[in-house]
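The block underneath contains the structure these notes are about, expressed in structure tokens.
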2 protein chains.
Amino acid sequence: MAAQEGTLGERRASILKAIVSHYVTSGEPVGSKTLVERYKLGVSPATVRNEMGWLEEAGYIFQPHTSAGRIPTDAGYRHFVDTGVPPFRLPANEARKIERFFLEPRYELEDALRQTAALLSGITDHAAVVFAPALERSVVRHVELVPLAGSRAMVVLVTNTGRVENHIVGVPQDVDEVQLDRAAEMLNKLIVDEPLEKAPEKIAAAKETFPLELRDVVDATCIALRADLTHHEAERMFLEGTSNIVHEEKFADLETVRQVIGALEHRRLLLEVLADALSTNLVSVRIGSENTLEEMQACAVITARYGTEDQALGSLGVVGPTRMDYRRTIAAVHEVASNLGRMLSGLGI
Amino acid sequence: MAAQEGTLGERRASILKAIVSHYVTSGEPVGSKTLVERYKLGVSPATVRNEMGWLEEAGYIFQPHTSAGRIPTDAGYRHFVDTGVPPFRLPANEARKIERFFLEPRYELEDALRQTAALLSGITDHAAVVFAPALERSVVRHVELVPLAGSRAMVVLVTNTGRVENHIVGVPQDVDEVQLDRAAEMLNKLIVDEPLEKAPEKIAAAKETFPLELRDVVDATCIALRADLTHHEAERMFLEGTSNIVHEEKFADLETVRQVIGALEHRRLLLEVLADALSTNLVSVRIGSENTLEEMQACAVITARYGTEDQALGSLGVVGPTRMDYRRTIAAVHEVASNLGRMLSGLGI
DNA sequence: CCTAGCACTCCACCATAGAGAGTGCTAAAT
DNA sequence: ATTTAGCACTCTCTATGGTGGAGTGCTAGG
């Protein structure tokens with residue numbers, strides 16, 4: 001029956017846990033009396049008060065002012081998450097909702113990812129973001145050069161992860177459609193089934209084998225691929241449920257809300273926030289001040305990678321107030337991530 | 001010197017104009033004294049009061065409570081927009097900002113459109129949305145069938161408007177890559193340079209010319225094209241600057257903010273809001289209750305189409321509080337739209 | 001080591017009052 | 001016939017002070 005308790009005693013741990021649980025749902029600072037009434041702690045309010053004094057000293061909770069109840073600090077939430085989470089499953093109806101969502105047939109990767117973000121947002125009531133499979137380790141499936149008007153062409157790249165990138169390049173006046181086709185054919189021979197990362201160098205190495213008049217086009221394609229690879233990552237994220245940030249009074253003031261929404265819009269920043277989810281195997285939780293991003297210090301960010309056991313395809317997560325139901329949210333993120341991974345591998349991605 | 005005055009007298013018109021101007025910048029209900037002090041109306045406060053009484057009767061302004069100043073109604077803003085706008089140009093530095101933005105080289109349509117939305121949002125300080133060129137009247141440039149793992153293939157469609165759509169389809173086990181290539185080649189012969197709208201029927205009509213073993217694939221492609229055409233429009237919009245909705249205290253209460261942001265997230269709704277911009281040639285302004293969408297009745301929506309003189313490619317616009325600087329915003333929307341149109345036609349789109 | 005009791009602190013709520021802004025009306029002035 | 005000055009009135013906003021309640025820390029006793 002002894003719960004994990006970290007470095008606190010068992011009683012202190014359960015008091016802290018009760019404080020977090022209660023505060024998350026009520027939103028009001030919680031006092032000793034409420035605590036013993038609602039949670040079977042088996043001690044008197046006075047004892048609880050003593051322990052709360054200790055917990056405050058240790059930095060797990062704080063008082064907004066003298067003679068108010070206690071509120072968990074970031075460290076308090078952290079302890080709660082680290083010790084209280086494992087044995088939790090989503091309520092059956094939500095689990096089924098997820099399952100059913102991933103059984104629907106999908107025809108478009110972008111669509112599917114955006115809707116996944118919407119699903120996650122809907123289940124958690126927080127803002128949700130999903131990153132498309134990373135290009136770095138993707139394998140080239142196909143390259144196409146499509147002529148456009150005015151001595152331009154479009155380089156279309158298809159990867160094994162279902163991503164389709166396009167890039168407009170200039171082509172010399174005297175290169176016609178037939179020649180473009182030939183260039184594309186040669187390029188395909190060269191880089192199909194190669195990792196995209198390696199593609200540019202492969203092409204560069206084989207440059208001499210291309211007819212002289214096509215070299216400009218090949219150069220441009222090379223640059224295009226490299227650009228897709230580096231610059232473009234931040235654009236392939238799907239953010240849904242921003243309105244949830246405003247929804248609740250869980251965020252103290254409007255200025256905070258503005259900051260958070262502003263930060264969410266900054267794709268590049270958000271990319272960083274979710275980046276390290278790719279390295280951890282399980283669900284990653286960043287609470288308040290644990291976020292390096294200043295605008296996010298009022299938030300908890302919960303992320304997970306999705307993909308196969310051995311290889312991460314991408315990552316997803318939610319952003320909400322530190323005062324959130326961690327157990328539920330973590331379970332939801334985990335569940336959606338693993339379902340998405342399964343679906344994509346079912347699609348042969 | 002006589003300003004346009006609509007159906008009101010000249011003096012009433014200029015008083016209304018003064019009220020709108022002042023309220024938009026100050027945010028406070030404006031009274032008769034302030035009015036004569038700041039705007040050279042040449043009459044006494046008492047006279048202004050009389051006229052304000054008339055304007056209130058006529059529904060152009062209202063009092064939040066007895067003995068407060070007046071605030072423009074939607075009809076008041078409407079009158080202001082209809083009479084006060086024509087002679088206005090963006091401040092030079094902003095005009096230059098737009099110009100410079102569109103001189104930068106662009107390689108990717110999606111990128112360009114998203115950044116255009118960000119630009120528009122930055123200039124106007126409102127939420128901005130840009131719709132990609134519509135698919136309906138686009139012309140097919142290229143179709144490609146790329147094999148994926150697990151008896152699936154990806155249909156990649158490139159249009160003359162620079163859009164690249166993709167769609168995953170199932171293919172029979174016994175169809176290999178060579179056959180897919182052949183099918184793609186035949187399809188290209190059939191529908192390249194045709195309007196996308198016509199493509200499915202074209203293919204259906206020529207179905208008999210395809211070898212038996214390819215007909216399933218061709219059918220699937222047909223369905224994919226049709227799906228791209230109909231279902232997918234709402235997904236190709238780029239929304240930026242949502243945080244501006246929260247930014248200002250121009251929106252009365254938080255609930256309104258939540259509603260607006262929620263509506264913005266509903267891509268399908270937003271599509272409708274911007275849809276009729278395609279029909280009007282100039283800038284369209286919808287103020288408050290003029291919006292059919294209930295959640296948007298606290299907003300002004302300003303939209304414009306972009307494209308060539310004779311053909312609209314797509315539309316863009318901003319969403320902000322009814323209390324906005326209409327002249328500036330309208331000028332900005334107009335300017336960005338025409339610049340975007342010019343840029344795209346420069347790209348041969 | 002726990003608990004009951006108690007004095008203390010501070011917020012949240014309410015009522016009250018006064019200042020200020022702006023109005024509508026009336027009567028005088030142009 | 002308009003316009004203006006004057007005035008009483010209304011309503012909000014802010015500050016003020018008082019009260020109740022929740023919650024605490026401390027102390028003394030179990």
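Simple scheme: letters A, B, ... for chains in structure tokens order, numbers from 1 for residues in each chain, numbers from 1 for ligands in the order shown.
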
* Asked: For chain B against chain D, which residues fall within 12 Å using only C-alpha atoms (C1' of nucleotides), given as a list in words?
  -> Gly42, Val43, Ser44, Pro45, Ala46, Thr47, Val48, Arg49, Asn50, Glu51, Gln63, Pro64, His65, Thr66, Ser67, Ala68 and Gly69 of chain B

Identify every residue of chain C that has at least one atom within 9 Å of any atom of chain B, counting only C-alpha atoms (C1' of nucleotides), and report the result as a PDB file with N, CA and C atoms (P, O5', C5', C4', C3', O3' and C1' of nucleotides), in the first residue's frame.
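Okay, part25.pdb is ready:
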```pdb
ATOM      1  P    DA C  21     -13.853  65.076 -15.424  1.00  0.00           P
ATOM      2  O5'  DA C  21     -14.693  64.313 -16.530  1.00  0.00           O
ATOM      3  C5'  DA C  21     -14.902  62.897 -16.407  1.00  0.00           C
ATOM      4  C4'  DA C  21     -16.181  62.546 -17.118  1.00  0.00           C
ATOM      5  C3'  DA C  21     -16.490  63.457 -18.304  1.00  0.00           C
ATOM      6  O3'  DA C  21     -16.777  62.653 -19.422  1.00  0.00           O
ATOM      7  C1'  DA C  21     -18.349  63.335 -16.854  1.00  0.00           C
ATOM      8  P    DG C  22     -16.900  63.341 -20.845  1.00  0.00           P
ATOM      9  O5'  DG C  22     -18.475  63.352 -21.002  1.00  0.00           O
ATOM     10  C5'  DG C  22     -19.170  62.111 -20.988  1.00  0.00           C
ATOM     11  C4'  DG C  22     -20.626  62.405 -20.918  1.00  0.00           C
ATOM     12  C3'  DG C  22     -21.068  63.493 -21.908  1.00  0.00           C
ATOM     13  O3'  DG C  22     -21.927  62.956 -22.891  1.00  0.00           O
ATOM     14  C1'  DG C  22     -22.001  63.818 -19.750  1.00  0.00           C
ATOM     15  P    DT C  23     -22.606  63.898 -23.958  1.00  0.00           P
ATOM     16  O5'  DT C  23     -24.131  63.826 -23.548  1.00  0.00           O
ATOM     17  C5'  DT C  23     -24.683  62.575 -23.146  1.00  0.00           C
ATOM     18  C4'  DT C  23     -25.912  62.827 -22.299  1.00  0.00           C
ATOM     19  C3'  DT C  23     -26.932  63.715 -22.991  1.00  0.00           C
ATOM     20  O3'  DT C  23     -28.006  62.938 -23.461  1.00  0.00           O
ATOM     21  C1'  DT C  23     -26.573  64.372 -20.706  1.00  0.00           C
ATOM     22  P    DG C  24     -28.878  63.523 -24.624  1.00  0.00           P
ATOM     23  O5'  DG C  24     -30.202  64.069 -23.920  1.00  0.00           O
ATOM     24  C5'  DG C  24     -30.757  63.399 -22.797  1.00  0.00           C
ATOM     25  C4'  DG C  24     -31.776  64.319 -22.134  1.00  0.00           C
ATOM     26  C3'  DG C  24     -32.626  65.129 -23.104  1.00  0.00           C
ATOM     27  O3'  DG C  24     -33.970  65.153 -22.641  1.00  0.00           O
ATOM     28  C1'  DG C  24     -31.370  66.613 -21.712  1.00  0.00           C
TER      29       DG C  24
END
```

* Among the residues of stretch 34-203 of chain A, find those DSSP assigns to alpha helix (DSSP H) from the backbone and print them as a PyMOL selection string. => chain A and resi 34-38+45-57+74-84+92-103+109-124+177-191+199-203

Could you dump the residues just selected with C-alpha atoms as an mmCIF file, in the first residue's frame?
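To be explicit, this is the file written out as again-v1.cif:
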```
data_model
loop_
_atom_site.group_PDB
_atom_site.id
_atom_site.type_symbol
_atom_site.label_atom_id
_atom_site.label_comp_id
_atom_site.auth_asym_id
_atom_site.auth_seq_id
_atom_site.Cartn_x
_atom_site.Cartn_y
_atom_site.Cartn_z
ATOM 1 C CA THR A 34 -10.694 20.870 3.583
ATOM 2 C CA LEU A 35 -7.868 18.419 3.235
ATOM 3 C CA VAL A 36 -8.755 16.220 6.186
ATOM 4 C CA GLU A 37 -12.430 16.412 5.340
ATOM 5 C CA ARG A 38 -12.128 15.196 1.763
ATOM 6 C CA PRO A 45 -5.934 19.570 10.679
ATOM 7 C CA ALA A 46 -3.273 20.762 13.085
ATOM 8 C CA THR A 47 -0.949 17.963 12.113
ATOM 9 C CA VAL A 48 -1.618 18.625 8.484
ATOM 10 C CA ARG A 49 -0.749 22.247 9.084
ATOM 11 C CA ASN A 50 2.581 21.270 10.543
ATOM 12 C CA GLU A 51 3.358 19.117 7.562
ATOM 13 C CA MET A 52 2.253 21.831 5.216
ATOM 14 C CA GLY A 53 4.688 24.140 6.922
ATOM 15 C CA TRP A 54 7.403 21.649 6.156
ATOM 16 C CA LEU A 55 6.287 21.260 2.549
ATOM 17 C CA GLU A 56 6.296 25.014 2.115
ATOM 18 C CA GLU A 57 9.766 25.272 3.609
ATOM 19 C CA ASP A 74 6.177 23.745 -10.016
ATOM 20 C CA ALA A 75 8.242 21.471 -7.820
ATOM 21 C CA GLY A 76 5.059 20.273 -6.171
ATOM 22 C CA TYR A 77 3.531 19.328 -9.510
ATOM 23 C CA ARG A 78 6.794 17.722 -10.476
ATOM 24 C CA HIS A 79 6.736 15.474 -7.441
ATOM 25 C CA PHE A 80 3.136 14.607 -8.136
ATOM 26 C CA VAL A 81 3.931 13.662 -11.703
ATOM 27 C CA ASP A 82 7.004 11.668 -10.806
ATOM 28 C CA THR A 83 5.319 9.591 -8.144
ATOM 29 C CA GLY A 84 1.628 9.522 -8.842
ATOM 30 C CA ALA A 92 -13.112 3.916 -21.553
ATOM 31 C CA ASN A 93 -15.157 6.273 -23.688
ATOM 32 C CA GLU A 94 -12.160 8.426 -24.492
ATOM 33 C CA ALA A 95 -9.948 5.470 -25.205
ATOM 34 C CA ARG A 96 -12.589 4.259 -27.604
ATOM 35 C CA LYS A 97 -12.837 7.673 -29.196
ATOM 36 C CA ILE A 98 -9.137 7.561 -29.955
ATOM 37 C CA GLU A 99 -9.305 4.046 -31.236
ATOM 38 C CA ARG A 100 -12.199 4.785 -33.518
ATOM 39 C CA PHE A 101 -10.506 7.882 -34.853
ATOM 40 C CA PHE A 102 -7.509 5.885 -35.954
ATOM 41 C CA LEU A 103 -9.623 3.256 -37.616
ATOM 42 C CA LEU A 109 -0.888 12.624 -44.362
ATOM 43 C CA GLU A 110 -1.313 16.331 -43.683
ATOM 44 C CA ASP A 111 -4.979 15.909 -43.127
ATOM 45 C CA ALA A 112 -4.453 13.017 -40.798
ATOM 46 C CA LEU A 113 -1.895 14.866 -38.726
ATOM 47 C CA ARG A 114 -3.987 17.981 -38.426
ATOM 48 C CA GLN A 115 -6.970 15.973 -37.373
ATOM 49 C CA THR A 116 -4.838 14.130 -34.884
ATOM 50 C CA ALA A 117 -3.922 17.468 -33.350
ATOM 51 C CA ALA A 118 -7.602 18.356 -33.213
ATOM 52 C CA LEU A 119 -8.378 15.017 -31.577
ATOM 53 C CA LEU A 120 -5.709 15.441 -28.942
ATOM 54 C CA SER A 121 -6.861 18.946 -28.268
ATOM 55 C CA GLY A 122 -10.447 17.813 -27.955
ATOM 56 C CA ILE A 123 -9.643 15.072 -25.498
ATOM 57 C CA THR A 124 -7.338 17.065 -23.281
ATOM 58 C CA GLU A 177 9.957 19.586 -70.990
ATOM 59 C CA VAL A 178 11.562 16.543 -72.523
ATOM 60 C CA GLN A 179 14.890 17.480 -71.093
ATOM 61 C CA LEU A 180 13.360 18.083 -67.685
ATOM 62 C CA ASP A 181 11.906 14.612 -67.824
ATOM 63 C CA ARG A 182 15.261 13.173 -68.661
ATOM 64 C CA ALA A 183 16.877 15.024 -65.789
ATOM 65 C CA ALA A 184 14.222 13.779 -63.409
ATOM 66 C CA GLU A 185 14.683 10.236 -64.618
ATOM 67 C CA MET A 186 18.402 10.367 -64.018
ATOM 68 C CA LEU A 187 17.927 11.961 -60.618
ATOM 69 C CA ASN A 188 15.503 9.266 -59.604
ATOM 70 C CA LYS A 189 17.973 6.556 -60.555
ATOM 71 C CA LEU A 190 20.484 8.308 -58.390
ATOM 72 C CA ILE A 191 18.657 9.055 -55.177
ATOM 73 C CA ALA A 199 20.706 13.023 -51.643
ATOM 74 C CA PRO A 200 22.443 16.345 -52.283
ATOM 75 C CA GLU A 201 25.919 14.903 -52.007
ATOM 76 C CA LYS A 202 24.981 11.931 -54.139
ATOM 77 C CA ILE A 203 23.840 14.287 -56.847
#
```

* Within 7 Å of chain B, which residues of chain A show up when using only C-alpha atoms, listed as an MDAnalysis selection string? -> chainID A and resid 107:108 142 146 148:150 160 166:169 243 246:247 258 261:262 348
